[in-house]
>>> print(open('work_13.cif').read())   # mmCIF, C-alpha atoms
data_input
loop_
_atom_site.label_atom_id
_atom_site.label_comp_id
_atom_site.auth_asym_id
_atom_site.auth_seq_id
_atom_site.Cartn_x
_atom_site.Cartn_y
_atom_site.Cartn_z
CA PRO A 1 0.00 0.00 0.00
CA GLN A 2 1.05 3.58 -0.57
CA PRO A 3 2.39 5.40 2.52
CA ALA A 4 0.21 8.01 4.13
CA VAL A 5 1.39 11.48 3.14
CA VAL A 6 0.41 14.91 4.42
CA ALA A 7 1.38 17.28 1.63
CA ARG A 8 2.57 20.88 1.65
CA SER A 9 -0.71 22.60 2.34
CA THR A 10 -2.78 24.47 4.81
CA LEU A 11 -4.08 22.07 7.44
CA ALA A 12 -7.54 22.32 5.89
CA HIS A 13 -6.59 19.04 4.18
CA THR A 14 -6.99 15.69 5.89
CA PHE A 15 -5.08 15.31 9.16
CA PRO A 16 -3.79 11.83 10.03
CA PRO A 17 -6.59 9.76 11.60
CA ARG A 18 -6.18 8.69 15.19
CA SER A 19 -5.72 5.05 14.13
CA VAL A 20 -2.57 6.03 12.20
CA ILE A 21 -1.27 8.13 15.11
CA THR A 22 -1.93 5.33 17.61
CA ARG A 23 -0.18 2.76 15.41
CA ASN A 24 2.85 4.97 14.86
CA ARG A 25 3.41 5.67 18.56
CA LYS A 26 5.30 2.37 18.72
CA MET A 27 7.82 3.60 16.15
CA THR A 28 10.62 6.16 16.31
CA LEU A 29 9.83 9.43 14.57
CA GLN A 30 12.41 10.90 12.18
CA LEU A 31 12.63 14.68 11.79
CA TRP A 32 14.65 15.92 8.79
CA TYR A 33 16.07 19.44 8.66
CA PHE A 34 19.25 21.46 8.41
CA ASP A 35 21.76 21.52 11.25
CA GLY A 36 20.23 24.53 12.98
CA PRO A 37 17.02 25.77 14.63
CA GLY A 38 15.09 27.49 11.82
CA ARG A 39 11.68 26.21 10.85
CA ALA A 40 12.09 22.83 12.54
CA ASN A 41 12.58 24.22 16.02
CA VAL A 42 8.91 24.46 17.04
CA THR A 43 8.47 20.84 15.97
CA ARG A 44 11.53 19.86 18.03
CA LEU A 45 10.21 21.82 21.02
CA ALA A 46 6.83 20.11 20.80
CA LEU A 47 8.48 16.69 20.67
CA VAL A 48 10.85 17.44 23.56
CA LEU A 49 8.17 18.95 25.79
CA GLY A 50 5.71 16.20 24.88
CA GLY A 51 8.23 13.51 25.83
CA VAL A 52 8.20 12.01 22.33
CA PRO A 53 11.44 10.18 21.36
CA PHE A 54 12.69 11.14 17.92
CA GLU A 55 15.69 10.90 15.61
CA ASP A 56 16.90 14.40 14.75
CA LYS A 57 18.32 13.93 11.25
CA ARG A 58 20.34 17.10 10.56
CA HIS A 59 22.01 17.93 7.27
CA ALA A 60 24.64 20.51 6.40
CA MET A 61 23.51 23.26 4.07
CA ALA A 62 26.20 22.23 1.59
CA ASP A 63 24.66 18.75 1.35
CA TRP A 64 21.17 20.03 0.53
CA PRO A 65 21.37 19.69 -3.29
CA LYS A 66 22.43 16.06 -2.89
CA VAL A 67 19.74 15.31 -0.29
CA LYS A 68 17.05 17.06 -2.31
CA GLY A 69 17.99 15.16 -5.46
CA ASP A 70 18.19 11.68 -3.93
CA ALA A 71 14.82 9.98 -4.50
CA SER A 72 15.63 7.43 -1.77
CA LEU A 73 15.65 10.16 0.90
CA LEU A 74 12.55 11.64 2.55
CA PRO A 75 12.92 15.31 1.49
CA ALA A 76 13.08 14.34 -2.19
CA GLN A 77 9.90 12.29 -1.73
CA LEU A 78 8.10 15.31 -0.25
CA PHE A 79 8.47 18.05 -2.86
CA GLY A 80 12.11 18.76 -2.00
CA SER A 81 10.99 20.21 1.32
CA MET A 82 12.32 20.41 4.88
CA PRO A 83 11.43 20.18 7.66
CA CYS A 84 9.72 16.89 7.08
CA VAL A 85 8.76 13.94 9.24
CA GLN A 86 8.51 10.20 8.77
CA HIS A 87 6.72 8.22 11.44
CA GLY A 88 6.04 4.66 10.42
CA ASP A 89 4.46 4.90 6.97
CA LEU A 90 3.29 8.47 7.56
CA LYS A 91 5.24 11.20 5.75
CA ILE A 92 4.65 14.89 6.48
CA ALA A 93 6.10 18.04 4.93
CA ASN A 94 5.67 21.73 5.89
CA SER A 95 6.75 23.24 9.21
CA ILE A 96 3.22 23.94 10.46
CA ALA A 97 2.09 20.40 9.63
CA THR A 98 5.11 18.80 11.32
CA ALA A 99 4.66 20.95 14.43
CA ALA A 100 0.96 20.08 14.62
CA TYR A 101 1.70 16.38 14.29
CA ALA A 102 4.40 16.62 16.97
CA ALA A 103 1.91 18.30 19.29
CA GLU A 104 -0.66 15.62 18.51
CA LEU A 105 1.74 12.98 19.82
CA GLY A 106 2.49 14.74 23.11
CA LEU A 107 1.16 18.20 24.00
CA TRP A 108 -2.33 17.47 22.70
CA ALA A 109 -2.55 13.89 23.90
CA GLY A 110 -5.67 13.57 25.98
CA GLY A 111 -6.92 16.99 24.91
CA LEU A 112 -4.34 19.13 26.77
CA ASN A 113 -3.71 22.60 25.37
CA ARG A 114 -5.39 22.03 22.07
CA LEU A 115 -8.30 23.37 20.09
CA ALA A 116 -11.75 21.93 20.50
CA GLU A 117 -12.38 18.69 18.62
CA GLY A 118 -14.82 20.49 16.34
CA ALA A 119 -12.11 22.85 15.15
CA ARG A 120 -9.74 19.95 14.58
CA SER A 121 -12.21 18.02 12.43
CA ALA A 122 -12.87 21.18 10.41
CA GLY A 123 -9.22 21.37 9.43
CA PHE A 124 -8.12 23.80 12.18
CA GLU A 125 -10.36 26.55 10.80
CA ALA A 126 -12.68 28.39 13.16
CA ASP A 127 -14.22 31.80 13.44
CA ALA A 128 -13.12 34.38 16.00
CA ALA A 129 -16.09 33.78 18.30
CA HIS A 130 -15.40 30.05 18.45
CA ALA A 131 -11.68 30.58 19.07
CA ALA A 132 -12.43 33.03 21.88
CA ARG A 133 -14.13 30.19 23.76
CA ASN A 134 -10.93 28.13 23.57
CA ARG A 135 -8.03 28.97 25.86
CA ALA A 136 -5.52 27.52 23.38
CA VAL A 137 -5.55 29.69 20.25
CA GLU A 138 -3.12 27.74 18.08
CA LEU A 139 -1.00 29.22 15.33
CA MET A 140 -2.44 27.03 12.62
CA VAL A 141 -5.84 28.66 13.18
CA VAL A 142 -4.42 32.15 13.44
CA ALA A 143 -2.61 31.66 10.16
CA THR A 144 -5.85 31.03 8.29
CA ASN A 145 -8.14 33.66 9.78
CA GLU A 146 -7.63 37.43 9.63
CA ASP A 147 -9.77 38.10 12.72
CA LEU A 148 -7.64 35.68 14.73
CA ARG A 149 -4.43 37.26 13.51
CA VAL A 150 -5.71 40.60 14.81
CA ALA A 151 -6.77 38.98 18.08
CA MET A 152 -3.35 37.38 18.55
CA TYR A 153 -1.60 40.69 17.88
CA LYS A 154 -3.75 42.36 20.55
CA CYS A 155 -3.05 39.47 22.89
CA LEU A 156 0.70 39.89 22.52
CA PHE A 157 0.95 43.66 22.31
CA GLY A 158 -2.41 45.12 23.32
CA ASP A 159 -4.62 45.27 26.38
CA ASP A 160 -4.90 42.50 28.97
CA ALA A 161 -8.58 42.03 28.21
CA SER A 162 -7.64 40.43 24.91
CA LYS A 163 -6.06 37.44 26.67
CA ALA A 164 -7.96 34.17 26.59
CA ALA A 165 -10.74 34.14 29.16
CA GLY A 166 -9.58 32.75 32.48
CA ASN A 167 -5.90 32.72 31.57
CA ALA A 168 -4.16 34.58 34.38
CA GLY A 169 -0.76 32.96 34.01
CA PRO A 170 2.21 33.88 31.83
CA PHE A 171 1.15 31.79 28.85
CA PHE A 172 -0.90 33.55 26.24
CA PHE A 173 -2.76 30.65 24.75
CA ALA A 174 -3.38 28.19 27.58
CA THR A 175 -3.71 28.15 31.36
CA SER A 176 -2.34 24.80 32.50
CA GLY A 177 0.84 24.99 30.46
CA PRO A 178 2.30 26.14 27.17
CA SER A 179 0.42 25.47 23.96
CA LEU A 180 2.07 25.00 20.60
CA ALA A 181 1.59 28.72 20.01
CA ASP A 182 3.45 29.55 23.23
CA LEU A 183 6.34 27.38 22.04
CA ALA A 184 6.38 29.39 18.83
CA VAL A 185 6.55 32.63 20.85
CA PHE A 186 9.54 31.23 22.77
CA ASP A 187 11.25 30.16 19.55
CA ASN A 188 10.70 33.55 17.92
CA VAL A 189 12.33 35.25 20.91
CA TYR A 190 15.18 32.88 21.81
CA SER A 191 16.10 30.94 18.68
CA THR A 192 19.70 31.52 17.66
CA PHE A 193 18.38 31.80 14.12
CA PRO A 194 16.22 33.70 13.41
CA GLY A 195 15.28 34.73 16.97
CA LEU A 196 14.42 38.33 17.78
CA LEU A 197 17.10 38.69 20.46
CA ALA A 198 19.75 37.14 18.22
CA LEU A 199 18.80 39.67 15.58
CA GLY A 200 19.31 42.52 18.06
CA GLN A 201 15.67 43.48 18.52
CA ASN A 202 14.73 45.45 21.63
CA LEU A 203 11.88 43.67 23.45
CA GLN A 204 11.67 46.03 26.44
CA PRO A 205 8.49 47.65 25.06
CA PHE A 206 6.86 44.21 25.04
CA PRO A 207 7.18 42.82 28.59
CA ARG A 208 4.32 40.34 28.25
CA LEU A 209 5.82 38.87 25.11
CA ARG A 210 9.12 38.38 26.94
CA ALA A 211 7.31 36.98 30.00
CA CYS A 212 5.60 34.35 27.87
CA ALA A 213 8.90 33.34 26.26
CA ASP A 214 10.64 33.24 29.65
CA ALA A 215 7.89 31.07 31.15
CA VAL A 216 8.33 28.52 28.38
CA GLY A 217 12.12 28.71 28.72
CA ALA A 218 11.91 28.02 32.47
CA ILE A 219 10.41 24.56 31.88
CA ASP A 220 13.10 21.97 32.66
CA ALA A 221 12.83 20.10 29.37
CA VAL A 222 12.93 23.32 27.34
CA LYS A 223 15.81 24.70 29.42
CA ALA A 224 17.87 21.55 28.86
CA PHE A 225 17.08 21.59 25.14
CA ARG A 226 18.24 25.20 24.84
CA GLU A 227 21.39 24.62 26.90
CA LYS A 228 22.37 21.83 24.48
CA GLY A 229 22.20 24.30 21.61
CA PHE A 230 18.61 23.37 20.72
CA ARG A 231 19.56 19.72 20.41
CA SER A 232 17.72 16.80 21.94
CA GLN A 233 20.94 14.88 22.65
#
>>> encode(input="work_13.cif", output="structure tokens")
Amino acid sequence: PQPAVVARSTLAHTFPPRSVITRNRKMTLQLWYFDGPGRANVTRLALVLGGVPFEDKRHAMADWPKVKGDASLLPAQLFGSMPCVQHGDLKIANSIATAAYAAELGLWAGGLNRLAEGARSAGFEADAAHAARNRAVELMVVATNEDLRVAMYKCLFGDDASKAAGNAGPFFFATSGPSLADLAVFDNVYSTFPGLLALGQNLQPFPRLRACADAVGAIDAVKAFREKGFRSQ
């Protein structure tokens, strides 16, 4: 049978069914990317924080033409794209899709820090009113809805009333712990490439943005991952 593939797309396309995810939990996930943080880092963070073992297959930039052109290797099988993931017979390309799948294996297991099931089955699309009722406003929804992009901007830089209802802690998108979106905030602030601080940006005018990133960074698993140079081993 043909392997299951999630193509480069918005997540409005079919997400792997739970039967595939359950079956693949017994296998080691492979994450393919360059030897650096970049677009794979949120996926790595989700795997590390979710306690999901994975093989971090890193490739030097100079080797990319060879990797991309070798039909026996995963990136060449997925539109010449990285990051990409293989987990059992499931193959996924696109950084948002790989991060969402990583969260599905750990952060979202059992319904923690995720969108409502209705939003998931609709391909992660929801209107602003629906999203306001969910304390975890994930990036894959924000990316497809202008109203949610505006709401997220207000949440990060605007008045406190724009935070998710009932969320009094440092995380913007969940109460009990960081959501995938909070991991993305951390990565955007602290990644060595292309993090805001590494690029010399002044974040003093945005104390709540920094507080969210610091709260994620204070988690033991995230702290250890960062201290190893954003490496799992």
>>> resolve_selection(input="work_13.cif", expression="the PyMOL selection byres ((chain A and resi 215-228) around 10)", output="VMD selection string")
chain A and resid 44 to 46 48 to 51 169 to 171 177 to 179 182 to 187 190 to 192 210 to 214 229 to 233
>>> resolve_selection(input="work_13.cif", expression="the PyMOL selection byres ((chain A and resi 77-92) around 9)", output="short mmCIF file (atom, residue, chain, number, x, y, z; two decimals) with C-alpha atoms, keeping the file's coordinate frame")
data_model
loop_
_atom_site.label_atom_id
_atom_site.label_comp_id
_atom_site.auth_asym_id
_atom_site.auth_seq_id
_atom_site.Cartn_x
_atom_site.Cartn_y
_atom_site.Cartn_z
CA GLN A 2 1.05 3.58 -0.57
CA PRO A 3 2.39 5.40 2.52
CA ALA A 4 0.21 8.01 4.13
CA VAL A 5 1.39 11.48 3.14
CA VAL A 6 0.41 14.91 4.42
CA ALA A 7 1.38 17.28 1.63
CA ARG A 8 2.57 20.88 1.65
CA PRO A 16 -3.79 11.83 10.03
CA VAL A 20 -2.57 6.03 12.20
CA ILE A 21 -1.27 8.13 15.11
CA ARG A 23 -0.18 2.76 15.41
CA ASN A 24 2.85 4.97 14.86
CA ARG A 25 3.41 5.67 18.56
CA LYS A 26 5.30 2.37 18.72
CA MET A 27 7.82 3.60 16.15
CA THR A 28 10.62 6.16 16.31
CA LEU A 29 9.83 9.43 14.57
CA GLN A 30 12.41 10.90 12.18
CA LEU A 31 12.63 14.68 11.79
CA TRP A 32 14.65 15.92 8.79
CA TYR A 33 16.07 19.44 8.66
CA PHE A 34 19.25 21.46 8.41
CA ARG A 39 11.68 26.21 10.85
CA ALA A 40 12.09 22.83 12.54
CA THR A 43 8.47 20.84 15.97
CA VAL A 67 19.74 15.31 -0.29
CA LYS A 68 17.05 17.06 -2.31
CA GLY A 69 17.99 15.16 -5.46
CA ASP A 70 18.19 11.68 -3.93
CA ALA A 71 14.82 9.98 -4.50
CA SER A 72 15.63 7.43 -1.77
CA LEU A 73 15.65 10.16 0.90
CA LEU A 74 12.55 11.64 2.55
CA PRO A 75 12.92 15.31 1.49
CA ALA A 76 13.08 14.34 -2.19
CA ALA A 93 6.10 18.04 4.93
CA ASN A 94 5.67 21.73 5.89
CA SER A 95 6.75 23.24 9.21
CA ALA A 97 2.09 20.40 9.63
CA THR A 98 5.11 18.80 11.32
CA TYR A 101 1.70 16.38 14.29
#
>>> atom_distance(input="work_13.cif", atom1="CA of Asn188 (chain A)", atom2="CA of Pro65 (chain A)")
27.5 Å
>>> atom_distance(input="work_13.cif", atom1="CA of Asp35 (chain A)", atom2="CA of His59 (chain A)")
5.4 Å
>>> atom_distance(input="work_13.cif", atom1="CA of Leu47 (chain A)", atom2="CA of Ala102 (chain A)")
5.5 Å
>>> residues_around(input="work_13.cif", residues="Val189 (chain A)", least_positions_apart="6", cutoff="9 Å", atoms="all atoms listed in the file", output="count of residues only")
8
>>> closest_residue(input="work_13.cif", among="A:Gly200, A:Gly36, A:Pro205, A:Pro17", to="Asp56 (chain A)", atoms="only C-alpha atoms")
A:Gly36
>>> decode(input="work_13.cif", residues="region 19-37 of chain A", atoms="N, CA and C atoms", output="mmCIF file, in the first residue's frame")
data_model
loop_
_atom_site.group_PDB
_atom_site.id
_atom_site.type_symbol
_atom_site.label_atom_id
_atom_site.label_comp_id
_atom_site.auth_asym_id
_atom_site.auth_seq_id
_atom_site.Cartn_x
_atom_site.Cartn_y
_atom_site.Cartn_z
ATOM 1 N N SER A 19 -6.220 6.429 14.251
ATOM 2 C CA SER A 19 -5.721 5.053 14.127
ATOM 3 C C SER A 19 -4.278 5.031 13.631
ATOM 4 N N VAL A 20 -3.940 5.941 12.702
ATOM 5 C CA VAL A 20 -2.572 6.032 12.203
ATOM 6 C C VAL A 20 -1.644 6.532 13.302
ATOM 7 N N ILE A 21 -2.086 7.564 14.037
ATOM 8 C CA ILE A 21 -1.272 8.132 15.109
ATOM 9 C C ILE A 21 -1.017 7.097 16.196
ATOM 10 N N THR A 22 -2.066 6.364 16.586
ATOM 11 C CA THR A 22 -1.925 5.327 17.613
ATOM 12 C C THR A 22 -0.957 4.242 17.171
ATOM 13 N N ARG A 23 -1.067 3.797 15.927
ATOM 14 C CA ARG A 23 -0.183 2.764 15.412
ATOM 15 C C ARG A 23 1.269 3.232 15.396
ATOM 16 N N ASN A 24 1.482 4.469 15.019
ATOM 17 C CA ASN A 24 2.847 4.973 14.858
ATOM 18 C C ASN A 24 3.538 5.283 16.178
ATOM 19 N N ARG A 25 2.792 5.370 17.263
ATOM 20 C CA ARG A 25 3.412 5.665 18.565
ATOM 21 C C ARG A 25 4.463 4.628 18.945
ATOM 22 N N LYS A 26 4.358 3.433 18.393
ATOM 23 C CA LYS A 26 5.296 2.369 18.720
ATOM 24 C C LYS A 26 6.607 2.512 17.952
ATOM 25 N N MET A 27 6.660 3.456 17.011
ATOM 26 C CA MET A 27 7.821 3.604 16.146
ATOM 27 C C MET A 27 8.549 4.905 16.441
ATOM 28 N N THR A 28 9.824 4.953 16.082
ATOM 29 C CA THR A 28 10.618 6.156 16.309
ATOM 30 C C THR A 28 10.392 7.155 15.175
ATOM 31 N N LEU A 29 10.057 8.362 15.547
ATOM 32 C CA LEU A 29 9.831 9.427 14.566
ATOM 33 C C LEU A 29 11.162 9.972 14.068
ATOM 34 N N GLN A 30 11.247 10.245 12.776
ATOM 35 C CA GLN A 30 12.410 10.903 12.183
ATOM 36 C C GLN A 30 12.028 12.311 11.756
ATOM 37 N N LEU A 31 12.815 13.283 12.196
ATOM 38 C CA LEU A 31 12.626 14.675 11.787
ATOM 39 C C LEU A 31 13.830 15.098 10.952
ATOM 40 N N TRP A 32 13.586 15.530 9.720
ATOM 41 C CA TRP A 32 14.652 15.920 8.794
ATOM 42 C C TRP A 32 14.688 17.433 8.661
ATOM 43 N N TYR A 33 15.902 17.997 8.853
ATOM 44 C CA TYR A 33 16.065 19.439 8.664
ATOM 45 C C TYR A 33 17.561 19.745 8.596
ATOM 46 N N PHE A 34 17.851 21.012 8.395
ATOM 47 C CA PHE A 34 19.247 21.456 8.407
ATOM 48 C C PHE A 34 19.794 21.410 9.830
ATOM 49 N N ASP A 35 21.107 21.551 9.950
ATOM 50 C CA ASP A 35 21.761 21.518 11.254
ATOM 51 C C ASP A 35 21.676 22.899 11.906
ATOM 52 N N GLY A 36 20.482 23.250 12.327
ATOM 53 C CA GLY A 36 20.235 24.528 12.977
ATOM 54 C C GLY A 36 18.782 24.603 13.411
ATOM 55 N N PRO A 37 18.398 25.658 14.139
ATOM 56 C CA PRO A 37 17.015 25.771 14.628
ATOM 57 C C PRO A 37 16.016 25.970 13.488
#
